[in-house]
Every structure is written in C-alpha cells, then in structure tokens.
file my_file31.txt (compact mmCIF, C-alpha atoms)
# COMPACT_ATOMS: atom_id res chain seq x y z
CA MET A 10 -104.73 90.70 -82.86
CA LYS A 11 -104.21 87.51 -80.85
CA SER A 12 -106.32 85.53 -83.32
CA ILE A 13 -104.21 86.78 -86.27
CA SER A 14 -100.99 85.83 -84.46
CA LEU A 15 -102.47 82.43 -83.63
CA PHE A 16 -103.50 81.97 -87.28
CA PHE A 17 -99.98 82.70 -88.57
CA ALA A 18 -98.43 80.50 -85.87
CA CYS A 19 -100.68 77.60 -86.95
CA MET A 20 -99.79 78.24 -90.60
CA PHE A 21 -96.07 78.18 -89.78
CA VAL A 22 -96.35 74.92 -87.81
CA GLY A 23 -98.42 73.36 -90.61
CA PHE A 24 -95.88 74.43 -93.21
CA CYS A 25 -92.99 72.95 -91.19
CA ALA A 26 -94.90 69.71 -90.69
CA SER A 27 -95.78 69.40 -94.38
CA ALA A 28 -92.16 70.11 -95.34
CA GLN A 29 -91.17 67.01 -93.38
CA ILE A 30 -93.91 64.84 -94.91
CA LEU A 31 -93.94 65.93 -98.56
CA PRO A 32 -91.27 64.21 -100.65
CA THR A 33 -88.28 66.17 -101.89
CA PHE A 34 -86.29 65.54 -105.05
CA GLN A 35 -82.52 65.84 -105.47
CA LEU A 36 -80.24 65.10 -108.42
CA GLY A 37 -76.47 64.81 -108.47
CA VAL A 38 -73.34 63.33 -110.01
CA LYS A 39 -70.91 60.89 -108.43
CA ALA A 40 -67.57 59.23 -109.19
CA GLY A 41 -65.28 56.94 -107.28
CA ALA A 42 -63.23 53.78 -107.05
CA ASN A 43 -64.23 50.14 -106.68
CA PHE A 44 -62.24 47.18 -105.42
CA SER A 45 -63.40 43.94 -107.06
CA LYS A 46 -62.85 40.33 -106.09
CA PHE A 47 -64.28 37.09 -107.46
CA ASP A 48 -66.05 34.78 -105.05
CA THR A 49 -65.30 31.40 -106.61
CA GLU A 50 -64.92 27.76 -105.62
CA ASN A 51 -62.35 24.99 -105.58
CA THR A 52 -59.44 25.50 -107.99
CA PHE A 53 -59.28 29.31 -108.19
CA SER A 54 -58.53 32.23 -105.88
CA SER A 55 -58.90 35.94 -106.58
CA ASP A 56 -57.02 39.18 -105.91
CA ASN A 57 -58.57 42.61 -105.31
CA ARG A 58 -58.01 45.11 -108.14
CA THR A 59 -58.95 48.78 -108.35
CA GLY A 60 -61.47 50.05 -110.91
CA PHE A 61 -63.64 53.15 -111.31
CA TYR A 62 -67.25 54.26 -111.62
CA GLY A 63 -69.10 57.47 -112.43
CA GLY A 64 -72.62 58.63 -113.19
CA LEU A 65 -75.84 60.11 -111.82
CA TRP A 66 -77.89 59.68 -108.66
CA ALA A 67 -81.35 60.89 -107.67
CA ARG A 68 -83.00 60.96 -104.26
CA VAL A 69 -86.72 61.12 -103.52
CA GLY A 70 -87.94 61.13 -99.95
CA GLY A 71 -89.58 62.64 -96.95
CA ALA A 72 -89.92 62.04 -93.21
CA GLY A 73 -86.44 60.53 -93.00
CA ILE A 74 -86.93 57.74 -95.58
CA PHE A 75 -85.66 58.07 -99.15
CA PHE A 76 -85.48 56.14 -102.41
CA GLN A 77 -82.21 56.59 -104.31
CA PRO A 78 -81.91 55.21 -107.86
CA GLU A 79 -78.52 55.56 -109.55
CA LEU A 80 -77.11 55.05 -113.03
CA TYR A 81 -73.40 54.82 -113.72
CA ILE A 82 -70.72 53.30 -115.89
CA SER A 83 -68.36 51.04 -113.98
CA GLY A 84 -64.99 49.54 -114.85
CA LYS A 85 -64.22 46.49 -112.70
CA LYS A 86 -60.96 44.54 -112.59
CA THR A 87 -59.84 41.43 -110.78
CA ASN A 88 -57.22 38.71 -111.05
CA LEU A 89 -58.26 35.07 -111.07
CA ILE A 90 -55.44 32.79 -109.98
CA SER A 91 -55.24 29.05 -110.56
CA ASP A 92 -54.49 27.13 -107.37
CA VAL A 93 -53.08 24.31 -109.51
CA ASN A 94 -50.31 26.08 -111.44
CA GLY A 95 -50.43 29.72 -110.24
CA GLN A 96 -51.42 31.09 -113.67
CA VAL A 97 -53.16 34.47 -113.59
CA ASN A 98 -56.09 35.65 -115.69
CA GLU A 99 -56.71 39.40 -115.43
CA VAL A 100 -60.42 40.01 -116.05
CA LYS A 101 -61.85 43.47 -116.83
CA PHE A 102 -65.54 44.33 -117.03
CA THR A 103 -67.24 47.49 -118.27
CA SER A 104 -70.84 47.61 -117.10
CA LEU A 105 -73.89 49.84 -116.81
CA ASP A 106 -74.97 49.60 -113.16
CA VAL A 107 -78.38 50.52 -111.70
CA PRO A 108 -78.61 50.43 -107.89
CA LEU A 109 -82.12 50.92 -106.44
CA LEU A 110 -81.57 51.88 -102.81
CA ILE A 111 -83.83 52.53 -99.83
CA GLY A 112 -82.37 54.45 -96.93
CA THR A 113 -82.75 56.85 -94.05
CA LYS A 114 -80.96 60.04 -93.13
CA PHE A 115 -80.11 61.68 -89.79
CA GLY A 116 -78.76 65.17 -89.22
CA ALA A 117 -79.38 68.90 -89.45
CA ALA A 118 -77.84 72.20 -90.59
CA GLY A 119 -76.68 70.83 -93.95
CA VAL A 120 -74.84 67.82 -92.49
CA GLY A 121 -76.40 64.37 -92.53
CA LEU A 122 -75.53 60.71 -92.08
CA ARG A 123 -77.18 58.20 -94.42
CA ILE A 124 -77.52 54.43 -94.40
CA ASN A 125 -78.97 52.54 -97.37
CA THR A 126 -79.43 49.15 -98.94
CA GLY A 127 -81.00 47.63 -102.02
CA PRO A 128 -80.55 45.60 -105.20
CA MET A 129 -78.15 46.48 -107.99
CA PHE A 130 -78.73 45.42 -111.60
CA SER A 131 -75.72 45.33 -113.88
CA LEU A 132 -75.61 45.10 -117.68
CA ILE A 133 -72.15 43.99 -118.77
CA LEU A 134 -71.16 45.96 -121.85
CA ASP A 135 -67.70 44.47 -122.34
CA ASN A 136 -65.33 41.98 -120.73
CA LYS A 137 -61.68 41.36 -121.51
CA GLN A 138 -59.39 38.61 -120.31
CA SER A 139 -55.62 38.78 -120.30
CA LEU A 140 -54.24 35.26 -120.19
CA GLY A 141 -50.67 34.19 -119.60
CA GLN A 142 -48.87 32.48 -122.49
CA ALA A 143 -48.98 29.04 -120.90
CA THR A 144 -52.53 29.30 -119.59
CA GLY A 145 -54.50 28.14 -122.60
CA ASN A 146 -58.25 28.22 -123.17
CA VAL A 147 -58.99 26.01 -120.15
CA PHE A 148 -58.47 29.05 -117.89
CA SER A 149 -60.71 31.43 -119.86
CA GLY A 150 -64.32 32.10 -118.87
CA ASN A 151 -67.50 32.64 -120.83
CA PHE A 152 -69.38 35.40 -118.98
CA LYS A 153 -73.04 36.36 -118.94
CA ASP A 154 -74.12 39.84 -120.02
CA GLN A 155 -76.02 40.70 -116.83
CA ALA A 156 -75.62 40.34 -113.07
CA ILE A 157 -77.56 41.01 -109.88
CA ALA A 158 -76.03 42.11 -106.59
CA TRP A 159 -77.09 43.62 -103.26
CA GLN A 160 -75.54 46.80 -101.87
CA PHE A 161 -75.11 47.86 -98.23
CA GLY A 162 -73.74 51.30 -97.52
CA ALA A 163 -73.42 54.50 -95.56
CA GLY A 164 -72.70 58.08 -96.49
CA VAL A 165 -72.22 61.59 -95.22
CA ASP A 166 -73.73 64.74 -96.77
CA ILE A 167 -72.02 68.08 -96.17
CA LYS A 168 -74.00 70.81 -97.89
CA LYS A 169 -73.90 69.79 -101.60
CA LEU A 170 -71.04 67.29 -101.25
CA SER A 171 -71.44 63.65 -100.29
CA ILE A 172 -69.10 60.78 -99.45
CA ASP A 173 -70.26 57.17 -99.83
CA ALA A 174 -68.85 53.77 -98.88
CA ARG A 175 -70.59 50.53 -99.89
CA TYR A 176 -70.16 46.80 -100.02
CA GLU A 177 -71.69 44.99 -102.99
CA LEU A 178 -72.46 41.30 -102.59
CA GLY A 179 -72.77 39.38 -105.85
CA LEU A 180 -75.97 37.30 -105.97
CA SER A 181 -75.86 35.86 -109.49
CA LYS A 182 -73.18 33.75 -111.15
CA LEU A 183 -71.26 35.67 -113.80
CA ASN A 184 -69.93 32.77 -115.82
CA LYS A 185 -71.78 30.56 -118.26
CA ASP A 186 -68.91 28.08 -118.39
CA GLY A 187 -65.12 27.93 -118.19
CA TYR A 188 -64.80 28.58 -114.43
CA PRO A 189 -66.41 27.04 -111.39
CA PRO A 190 -69.47 29.07 -110.25
CA THR A 191 -68.18 32.65 -109.94
CA LYS A 192 -69.70 35.78 -108.37
CA LEU A 193 -68.22 39.29 -108.14
CA ASN A 194 -68.05 41.17 -104.81
CA LEU A 195 -67.02 44.83 -104.56
CA PHE A 196 -66.19 47.54 -102.07
CA THR A 197 -66.77 51.07 -103.40
CA ILE A 198 -65.97 54.58 -102.23
CA GLY A 199 -67.31 57.66 -103.98
CA LEU A 200 -67.57 61.44 -103.94
CA GLY A 201 -70.81 63.07 -105.06
CA TYR A 202 -72.10 66.56 -105.79
CA ARG A 203 -75.75 67.59 -105.58
CA ILE A 204 -76.79 69.66 -108.60
CA PHE A 205 -80.16 70.60 -107.03
call {"tool": "encode", "arguments": {"input": "my_file31.txt", "output": "structure tokens"}}
result
Amino acid sequence: MKSISLFFACMFVGFCASAQILPTFQLGVKAGANFSKFDTENTFSSDNRTGFYGGLWARVGGAGIFFQPELYISGKKTNLISDVNGQVNEVKFTSLDVPLLIGTKFGAAGVGLRINTGPMFSLILDNKQSLGQATGNVFSGNFKDQAIAWQFGAGVDIKKLSIDARYELGLSKLNKDGYPPTKLNLFTIGLGYRIF
C-alpha cells in the first residue's frame, strides 16, 4: 500500500514539475490608446496626440519565460510644429504593427505581473498630412513605408483580462526627405482578453 501511495505521489510531483517546464499557449485580443510624438532635430518640435490600436496577441512559454508575438492595426497621430513660424502639420499614420516580445511573469491564483521587451516592426499602410494654408510644400514630409522600434513594457493579468502599458522607442527614421531626420516615439496603454 505504501509503495502505491509513493508511486502516485511521485507521479503527482512529476506532473506538477512538467507543467512548469512544458510550454503553454495562449491567444487573445487587445485594444487601447497610443500617444505619439516625433523625435526630430533642429527646426521642428512635436506635440503628443492620441491614437488607437487593436488586434491579436499570442503567448508561448514555460518556467516563467514567455515569447509574445502580436499583430494589430494602429492609428498614430502627432503634430509637427515649425520653430521658425509656428506652422502646424498634423500627421496621421495607419500601420500594421508586429511586436515580438520576450518577457517573464510573476504571480499565482490567476493574478500575475509581467514585464517584457522586444523589437516592433511596423508596415505603414497610409499617412496623411494636414497642412496650414500658409505652410506650403516645404513643411510636408515624404515618409517611408516601414519602421522599426523597440518596446519596453509591463502588464497585469487578472484571470482572462490583462492591462498593459508600454513605451515604444523609434529606432529608424520615418522620413525620406522633407523634414530633418525624424523618428516616432509612443506610449501605449491597452486592455486585453484571453480567448484561451
């Protein structure tokens, strides 16, 4: 009888250990707001503007480390202001964003704290510029159709809900010509739901 109990105890411990080592897979949806600002040089400054994003996330991991790829549509807005004459160019981007994040998670009983970081690849689908009447073509920019950034973030999971906050540091220059070298930095907040 003792040997049977010992056998089942060993099986239970082995199962618990393997559950921590074997990777798990999760899939969910997420939406939120972003606050964009150009990082530019010399004759321009930039104002924060509020945009949106929404899409899918997946999480694969085990033993406290996870890989989280995401795919979402993002609308980004910012104002670029001339330091010379105060003219404003409102720039709007629509992009397909793909963050590839590595992170770790702490917690138990359905509540967990996450931290993550990784590259973000952005395919710009559309950009619009709203120029003032007196601005002229000198103040317009010719933008590239892709960008690379790096994200740093943290989040909280409560059962199937999640809350995320991230900072996105632009690494590549967005403009081909028209402006001085220009990168886009963002702060994002989002609410997610785990489907399974």
call {"tool": "residues_around", "arguments": {"input": "my_file31.txt", "residues": "region 149-163 of chain A", "least_positions_apart": "3", "cutoff": "6 Å", "atoms": "all atoms listed in the file", "output": "PyMOL selection string"}}
result
chain A and resi 123-133+146+173-181+183-188
call {"tool": "residues_around", "arguments": {"input": "my_file31.txt", "residues": "Leu122 (chain A)", "least_positions_apart": "6", "cutoff": "8 Å", "atoms": "all atoms listed in the file", "output": "MDAnalysis selection string"}}
result
chainID A and resid 114:116 163:166
call {"tool": "atom_distance", "arguments": {"input": "my_file31.txt", "atom1": "CA of Gln35 (chain A)", "atom2": "CA of Leu134 (chain A)"}}
result
28.2 Å
call {"tool": "atom_distance", "arguments": {"input": "my_file31.txt", "atom1": "CA of Ile74 (chain A)", "atom2": "CA of Phe196 (chain A)"}}
result
24.0 Å
call {"tool": "atom_distance", "arguments": {"input": "my_file31.txt", "atom1": "CA of Gly64 (chain A)", "atom2": "CA of Thr103 (chain A)"}}
result
13.4 Å
